[in-house]
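Shown next: data_35.txt, containing compact mmCIF, C-alpha atoms.
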# COMPACT_ATOMS: atom_id res chain seq x y z
CA MET A 1 -31.75 -53.25 -21.90
CA ASN A 2 -29.37 -50.40 -21.20
CA LYS A 3 -30.50 -48.19 -24.04
CA ARG A 4 -31.84 -45.48 -21.72
CA GLY A 5 -28.71 -45.45 -19.55
CA GLU A 6 -26.46 -45.23 -22.60
CA SER A 7 -28.38 -42.27 -24.01
CA GLU A 8 -28.15 -40.44 -20.65
CA PHE A 9 -24.42 -41.09 -20.60
CA SER A 10 -23.93 -39.78 -24.12
CA LEU A 11 -25.99 -36.68 -23.23
CA LEU A 12 -23.71 -36.05 -20.24
CA TYR A 13 -20.69 -36.56 -22.50
CA VAL A 14 -21.96 -33.75 -24.71
CA TYR A 15 -22.19 -31.39 -21.74
CA ILE A 16 -18.76 -32.16 -20.26
CA PRO A 17 -16.88 -29.51 -22.32
CA TYR A 18 -19.44 -26.90 -21.23
CA LEU A 19 -18.96 -27.88 -17.59
CA VAL A 20 -15.18 -27.69 -17.97
CA ILE A 21 -15.42 -24.20 -19.50
CA LEU A 22 -17.79 -23.12 -16.72
CA ALA A 23 -15.46 -24.46 -14.00
CA ALA A 24 -12.47 -22.73 -15.57
CA PHE A 25 -14.48 -19.53 -15.74
CA MET A 26 -15.46 -19.75 -12.06
CA ILE A 27 -11.84 -20.37 -10.99
CA LEU A 28 -10.62 -17.48 -13.13
CA LEU A 29 -13.31 -15.23 -11.68
CA TYR A 30 -12.36 -16.21 -8.11
CA PHE A 31 -8.70 -15.39 -8.69
CA SER A 32 -9.34 -12.15 -10.54
CA ILE A 33 -12.00 -10.48 -8.37
CA GLY A 34 -12.37 -12.62 -5.25
CA HIS A 35 -9.85 -10.42 -3.44
CA TYR A 36 -12.07 -7.38 -4.01
CA LEU A 37 -15.49 -8.97 -3.51
CA SER A 38 -14.53 -10.45 -0.15
CA GLY A 39 -13.69 -6.96 1.13
CA ALA A 40 -10.12 -8.11 1.85
CA ALA A 41 -8.42 -5.78 -0.67
CA VAL A 42 -9.99 -2.62 0.77
CA SER A 43 -9.30 -3.69 4.37
CA GLU A 44 -5.70 -4.71 3.65
CA ASP A 45 -5.10 -1.33 2.00
CA TYR A 46 -6.62 0.54 4.94
CA TYR A 47 -4.78 -1.41 7.65
CA ALA A 48 -1.38 -1.25 5.88
CA LYS A 49 -1.60 2.53 5.48
CA GLU A 50 -2.87 3.22 8.99
CA ILE A 51 -0.07 1.09 10.51
CA VAL A 52 2.45 2.98 8.34
CA LYS A 53 1.02 6.26 9.64
CA VAL A 54 1.61 5.14 13.23
CA ILE A 55 5.17 4.00 12.44
CA ASN A 56 6.05 7.22 10.59
CA LEU A 57 4.96 9.29 13.59
CA ALA A 58 6.57 7.04 16.19
CA GLU A 59 9.72 7.79 18.17
CA PRO A 60 12.26 5.27 19.51
CA GLY A 61 11.06 3.98 22.85
CA ASP A 62 7.40 3.89 21.87
CA VAL A 63 5.44 0.70 22.45
CA ILE A 64 2.43 0.43 20.15
CA GLU A 65 -0.69 -1.68 20.53
CA LEU A 66 -3.24 -1.43 17.74
CA ASN A 67 -6.65 -3.04 17.79
CA VAL A 68 -6.85 -5.10 14.59
CA HIS A 69 -9.77 -7.27 15.59
CA LYS A 70 -11.98 -6.35 12.64
CA GLY A 71 -9.16 -7.18 10.23
CA THR A 72 -8.57 -10.59 11.76
CA GLU A 73 -12.29 -11.32 11.42
CA ILE A 74 -12.11 -10.51 7.70
CA ALA A 75 -9.06 -12.79 7.36
CA LEU A 76 -10.84 -15.62 9.14
CA LYS A 77 -13.87 -15.15 6.89
CA ASN A 78 -11.52 -15.55 3.92
CA LYS A 79 -9.97 -18.72 5.38
CA VAL A 80 -6.60 -17.18 6.25
CA THR A 81 -5.96 -18.90 9.55
CA ALA A 82 -2.20 -18.42 9.86
CA TYR A 83 -2.41 -15.52 12.28
CA SER A 84 1.34 -15.01 12.28
CA ASP A 85 1.12 -14.22 8.57
CA LEU A 86 -1.64 -11.57 8.71
CA PHE A 87 0.71 -8.68 9.48
CA ARG A 88 4.35 -8.42 8.51
CA ILE A 89 6.74 -5.58 9.24
CA ASP A 90 9.86 -5.72 7.09
CA ASN A 91 12.61 -3.57 8.60
CA LYS A 92 14.98 -4.16 5.70
CA ASN A 93 12.62 -2.90 3.00
CA LYS A 94 10.74 -0.55 5.37
CA GLU A 95 7.40 -2.13 4.53
CA VAL A 96 4.21 -3.11 6.28
CA CYS A 97 2.35 -5.98 4.62
CA VAL A 98 -1.18 -7.11 5.43
CA ARG A 99 -2.78 -10.36 4.29
CA PHE A 100 -6.51 -10.95 4.68
CA PHE A 101 -6.91 -13.13 1.58
CA GLU A 102 -5.32 -16.43 0.61
CA GLN A 103 -3.75 -15.38 -2.67
CA GLY A 104 -2.26 -11.99 -1.95
CA ARG A 105 -1.07 -9.33 0.43
CA THR A 106 -0.96 -5.53 0.29
CA CYS A 107 2.18 -3.64 1.27
CA TYR A 108 2.99 0.00 1.95
CA SER A 109 6.32 1.62 2.82
CA PHE A 110 7.31 3.82 5.73
CA PHE A 111 10.13 6.38 5.74
CA ASN A 112 10.75 6.76 9.47
CA ASP A 113 14.27 5.39 10.02
CA VAL A 114 13.51 3.27 13.07
CA PHE A 115 13.71 -0.42 13.88
CA ILE A 116 10.42 -2.20 14.60
CA ASP A 117 11.08 -4.94 17.10
CA ASN A 118 9.05 -7.76 18.69
CA TRP A 119 6.10 -7.29 16.38
CA ARG A 120 3.41 -9.85 16.93
CA LEU A 121 -0.33 -10.40 16.91
CA GLU A 122 -1.71 -10.88 20.40
CA LEU A 123 -5.01 -12.71 20.44
CA GLY A 124 -7.98 -12.12 22.69
CA ILE A 125 -6.93 -9.43 25.20
CA PRO A 126 -9.97 -9.09 24.98
CA GLU A 127 -9.71 -8.31 21.26
CA ASN A 128 -6.88 -9.03 18.82
CA VAL A 129 -4.05 -6.53 19.03
CA LEU A 130 -0.96 -5.87 16.90
CA TYR A 131 1.95 -5.20 19.24
CA PHE A 132 5.33 -3.74 18.34
CA GLU A 133 8.18 -1.79 19.87
CA VAL A 134 9.89 1.13 18.14
CA LYS A 135 13.65 1.22 18.60
CA GLU A 136 16.59 3.22 17.34
CA ARG A 137 17.97 1.81 14.11
CA VAL A 138 21.33 0.15 14.57
CA LYS A 139 23.69 1.73 12.05
CA LYS A 140 25.97 -0.53 10.02
CA MET B 1 -18.96 -29.25 -36.56
CA GLY B 2 -22.09 -27.65 -35.11
CA SER B 3 -21.23 -28.67 -31.54
CA TYR B 4 -17.73 -27.19 -31.84
CA PHE B 5 -19.29 -23.93 -32.89
CA MET B 6 -21.56 -24.09 -29.82
CA TYR B 7 -18.51 -24.58 -27.58
CA PHE B 8 -16.96 -21.51 -29.11
CA ILE B 9 -20.16 -19.49 -28.56
CA PHE B 10 -20.31 -20.65 -24.94
CA PHE B 11 -16.65 -19.81 -24.37
CA PHE B 12 -17.14 -16.40 -25.96
CA LEU B 13 -20.13 -15.67 -23.70
CA MET B 14 -18.23 -16.73 -20.60
CA ALA B 15 -15.29 -14.53 -21.61
CA LEU B 16 -17.65 -11.61 -22.18
CA ILE B 17 -19.21 -12.08 -18.73
CA TRP B 18 -15.74 -12.38 -17.15
CA VAL B 19 -14.57 -9.14 -18.79
CA GLY B 20 -17.75 -7.34 -17.69
CA LEU B 21 -17.61 -8.53 -14.07
CA THR B 22 -13.88 -7.86 -13.72
CA ALA B 23 -14.10 -4.40 -15.25
CA GLY B 24 -17.11 -3.52 -13.06
CA THR B 25 -15.39 -4.75 -9.90
CA TYR B 26 -12.17 -2.87 -10.64
CA MET B 27 -14.13 0.29 -11.40
CA PHE B 28 -16.05 0.03 -8.13
CA PHE B 29 -13.35 -1.25 -5.75
CA GLY B 30 -10.20 -0.44 -7.73
CA SER B 31 -9.37 2.99 -6.37
CA GLU B 32 -7.21 2.73 -3.30
CA TYR B 33 -7.55 4.36 0.11
CA GLU B 34 -6.19 7.85 -0.54
CA PHE B 35 -3.19 8.26 1.71
CA ARG B 36 -0.74 10.40 -0.26
CA GLN B 37 -1.82 13.68 1.34
CA ILE B 38 -1.33 12.18 4.83
CA ASP B 39 2.08 10.81 3.75
CA ALA B 40 3.09 14.27 2.50
CA ASN B 41 1.82 15.96 5.69
CA ILE B 42 3.76 13.56 7.94
CA LEU B 43 6.97 13.95 5.91
CA ASN B 44 6.61 17.73 6.03
CA TYR B 45 5.93 17.62 9.77
CA LYS B 46 8.98 15.42 10.44
CA ILE B 47 11.30 17.66 8.39
CA SER B 48 9.98 20.90 9.92
CA LYS B 49 10.16 19.54 13.48
CA CYS B 50 13.68 18.27 12.87
CA ILE B 51 14.92 21.64 11.54
CA ILE B 52 13.38 23.46 14.51
CA GLU B 53 14.83 21.05 17.09
CA ASN B 54 18.28 20.42 15.57
CA GLU B 55 21.22 22.41 14.31
CA ILE B 56 21.81 21.18 10.77
CA LEU B 57 24.88 22.39 8.89
CA TRP B 58 23.55 21.41 5.41
CA LYS B 59 27.00 20.33 4.29
CA ASN B 60 26.02 16.77 3.49
CA ASN B 61 22.75 14.94 3.22
CA GLU B 62 23.79 12.15 5.59
CA GLU B 63 23.71 14.52 8.53
CA PHE B 64 20.17 15.58 7.68
CA TYR B 65 18.89 12.00 7.31
CA ASP B 66 20.56 10.92 10.56
CA LYS B 67 19.30 13.81 12.65
CA CYS B 68 15.79 13.77 11.18
CA ARG B 69 15.56 9.95 11.30
CA ILE B 70 14.37 9.74 7.70
CA ASN B 71 15.29 6.75 5.54
CA ASN B 72 16.88 7.99 2.33
CA GLU B 73 16.36 4.74 0.40
CA SER B 74 12.68 4.59 1.29
CA ILE B 75 12.18 8.18 0.12
CA LEU B 76 13.83 7.46 -3.23
CA ALA B 77 12.12 4.11 -3.79
CA ASN B 78 8.58 5.24 -3.01
CA SER B 79 8.04 8.40 -5.07
CA LEU B 80 8.37 10.73 -2.12
CA ILE B 81 9.76 14.20 -2.79
CA PHE B 82 10.82 17.15 -0.67
CA ARG B 83 12.56 20.49 -0.94
CA ILE B 84 13.87 22.74 1.83
CA CYS B 85 14.53 26.45 1.20
CA ARG B 86 15.88 29.21 3.43
CA ASN B 87 14.90 32.88 2.99
CA SER B 88 13.30 32.12 -0.33
CA GLY B 89 10.61 34.17 -2.08
CA ASP B 90 9.03 31.07 -3.57
CA CYS B 91 10.53 27.68 -2.79
CA ILE B 92 8.70 25.97 -5.66
CA VAL B 93 10.61 27.88 -8.35
CA GLU B 94 13.72 28.72 -6.32
CA SER B 95 17.19 27.64 -7.40
CA GLY B 96 20.73 28.18 -6.16
CA ASP B 97 21.95 28.64 -2.57
CA LYS B 98 18.51 29.24 -1.12
CA VAL B 99 17.59 25.61 -1.78
CA LEU B 100 19.18 23.77 1.14
CA MET B 101 18.18 20.31 0.05
CA GLN B 102 16.01 18.59 -2.51
CA VAL B 103 14.96 15.05 -3.33
CA GLY B 104 12.92 14.43 -6.47
CA GLY B 105 11.72 17.05 -8.90
CA ASN B 106 8.78 18.66 -10.64
CA PHE B 107 7.62 20.62 -7.61
CA GLN B 108 5.59 22.89 -9.89
CA SER B 109 3.02 20.10 -10.20
CA CYS B 110 2.21 20.62 -6.50
CA ARG B 111 0.48 23.84 -7.46
CA PHE B 112 -1.25 22.80 -10.68
CA GLU B 113 -4.98 23.09 -10.18
CA GLY B 114 -5.80 20.73 -13.02
CA VAL B 115 -3.99 17.71 -11.60
CA LYS B 116 -5.60 17.56 -8.15
CA GLY B 117 -7.72 14.56 -9.07
CA ASN B 118 -4.98 12.94 -11.13
CA ASP B 119 -3.30 9.90 -9.56
CA ALA B 120 -0.15 10.35 -11.62
CA PHE B 121 0.86 13.52 -9.78
CA PRO B 122 1.97 13.78 -6.15
CA LYS B 123 -0.05 15.25 -3.31
CA CYS B 124 1.95 17.96 -1.55
CA ALA B 125 2.17 19.77 1.76
CA GLU B 126 3.87 23.13 2.35
CA ASN B 127 5.05 24.67 5.59
CA LYS B 128 6.77 27.97 6.39
CA PHE B 129 8.36 28.79 9.72
CA GLU B 130 10.98 31.05 11.27
CA LYS B 131 14.07 29.93 13.16
CA GLU B 132 16.78 32.27 14.48
CA GLY B 133 15.79 35.03 12.09
CA ASP B 134 15.74 32.77 9.01
CA MET B 135 12.59 31.87 7.14
CA TYR B 136 12.39 28.18 6.24
CA TRP B 137 10.07 26.80 3.61
CA VAL B 138 9.47 23.03 3.41
CA ILE B 139 7.61 21.34 0.56
CA ALA B 140 6.96 17.60 0.78
CA GLY B 141 5.04 15.41 -1.62
CA SER B 142 4.01 11.81 -1.98
CA ASN B 143 2.97 9.71 -4.92
CA GLN B 144 3.34 6.39 -3.18
CA HIS B 145 0.79 3.71 -4.05
CA LYS B 146 0.05 0.39 -2.42
CA LYS B 147 1.92 -2.68 -3.65
CA THR B 148 0.03 -5.91 -4.17
CA ARG B 149 2.04 -9.13 -3.81
CA SER B 150 0.95 -12.65 -4.58
CA VAL B 151 1.37 -15.35 -1.96
CA GLN B 152 2.79 -18.76 -2.82
CA LEU B 153 0.49 -21.37 -1.29

How does the structure come out when it is put into structure tokens?
Amino acid sequence: MNKRGESEFSLLYVYIPYLVILAAFMILLYFSIGHYLSGAAVSEDYYAKEIVKVINLAEPGDVIELNVHKGTEIALKNKVTAYSDLFRIDNKNKEVCVRFFEQGRTCYSFFNDVFIDNWRLELGIPENVLYFEVKERVKK
Amino acid sequence: MGSYFMYFIFFFLMALIWVGLTAGTYMFFGSEYEFRQIDANILNYKISKCIIENEILWKNNEEFYDKCRINNESILANSLIFRICRNSGDCIVESGDKVLMQVGGNFQSCRFEGVKGNDAFPKCAENKFEKEGDMYWVIAGSNQHKKTRSVQL
């Protein structure tokens, strides 16, 4: 009675290793080039360096507001919804890091010896803005 | 035995496609946003502006870094170089007392014509200016590249 069903099952059984190899290949491909194909890598690179440029030219007392709306759209497209994690300014290592893709972030260093305070992403005023204050570095 | 061979063929084809797609993507998108020349220009600008606006005794480097608000560790860690000369004929090849300060080396590569498209060599900026009768010559270079970090999910 079940002869036909059994033969279909055995045919599927033959294809399972192929499907496993194909799935592994797709996952590997996503992790290796997904960052580039989504446009996130190029945008992260651009935003990190442009923010570093602003910081390097800043003086203590400056208050900076940068429109990063396009970048946040790219992040949202790539399912990065933790807005607080899109931009990071590390005063200890003098680095700006940008994350528009789930698996990675791009960082670039600044050499201006200032302290970046109160950095945050402000949403919808009317577009998304990266806000930070430039202060004199407190010497140890 | 035959089916195992087919698995191997399939795996080999997938690997070949993966290598091709990855190589093509890296070739097309791999080169980063060129920022080293801007980095070098800003460093040169900051140093020159600082020398013009401040009285620096050049006795120790700490004084220079403090007055110019330049982070020494960041300069050393990120392949940034600079050299400051006073009353020098050619700051690139100068040595001795005319070199007021220097971080990094191989400033000759700033002038090599053949390495302008080479990512392994720094991009440089030069500036000459006069202050109180002295001629200052500042050379700054950058070979800083972006750093990619993985994120733990």

- Choose the residue, out of A:Asn128, A:Ser84, A:Asn93, A:Thr72, that has the smallest atom-to-atom separation from chain B; count all atoms listed in the file.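 Using all atoms listed in the file, the shortest distance to chain B belongs to A:Asn93.
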
With a cut-off of 6 Å, could you pull out the residues of chain A touching chain B and give me the nearest pair of atoms for each, distance in Å to one decimal, using only C-alpha atoms, ordered by chain and ascending number, as CSV?
residue,atom,partner,partner_atom,distance
A:Gln103,CA,B:Val151,CA,5.2
A:Gly104,CA,B:Ser150,CA,4.2
A:Arg105,CA,B:Arg149,CA,5.3
A:Thr106,CA,B:Thr148,CA,4.6
A:Cys107,CA,B:Lys147,CA,5.0
A:Tyr108,CA,B:Lys146,CA,5.3
A:Phe111,CA,B:Asn71,CA,5.2
A:Asn112,CA,B:Ile70,CA,5.0
A:Asp113,CA,B:Asn71,CA,4.8

- Please provide the set of residues having any atom within 12 Å of Glu73 of chain A, restricted to only C-alpha atoms, with same-chain residues fewer than 3 positions apart removed, written as a list in words.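 My reading of the contact set: Ser38, Gly39, Ala40, Ser43, Asn67, Val68, His69, Lys70, Leu76, Lys77, Asn78, Lys79, Val80, Thr81, Tyr83, Leu86, Arg99, Phe100, Phe101, Leu123, Glu127 and Asn128 of chain A.
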
- Could you please determine the separation between atom CA of Asn91 of chain A and atom CA of Ala140 of chain B in Å, to one decimal place?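 These atoms are spaced 23.3 Å apart.
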
- Return the single residue from B:Gly20, B:Cys91, B:Phe82, B:Met101 that is closest to Asn60 of chain B, with distances computed using all atoms listed in the file. B:Met101
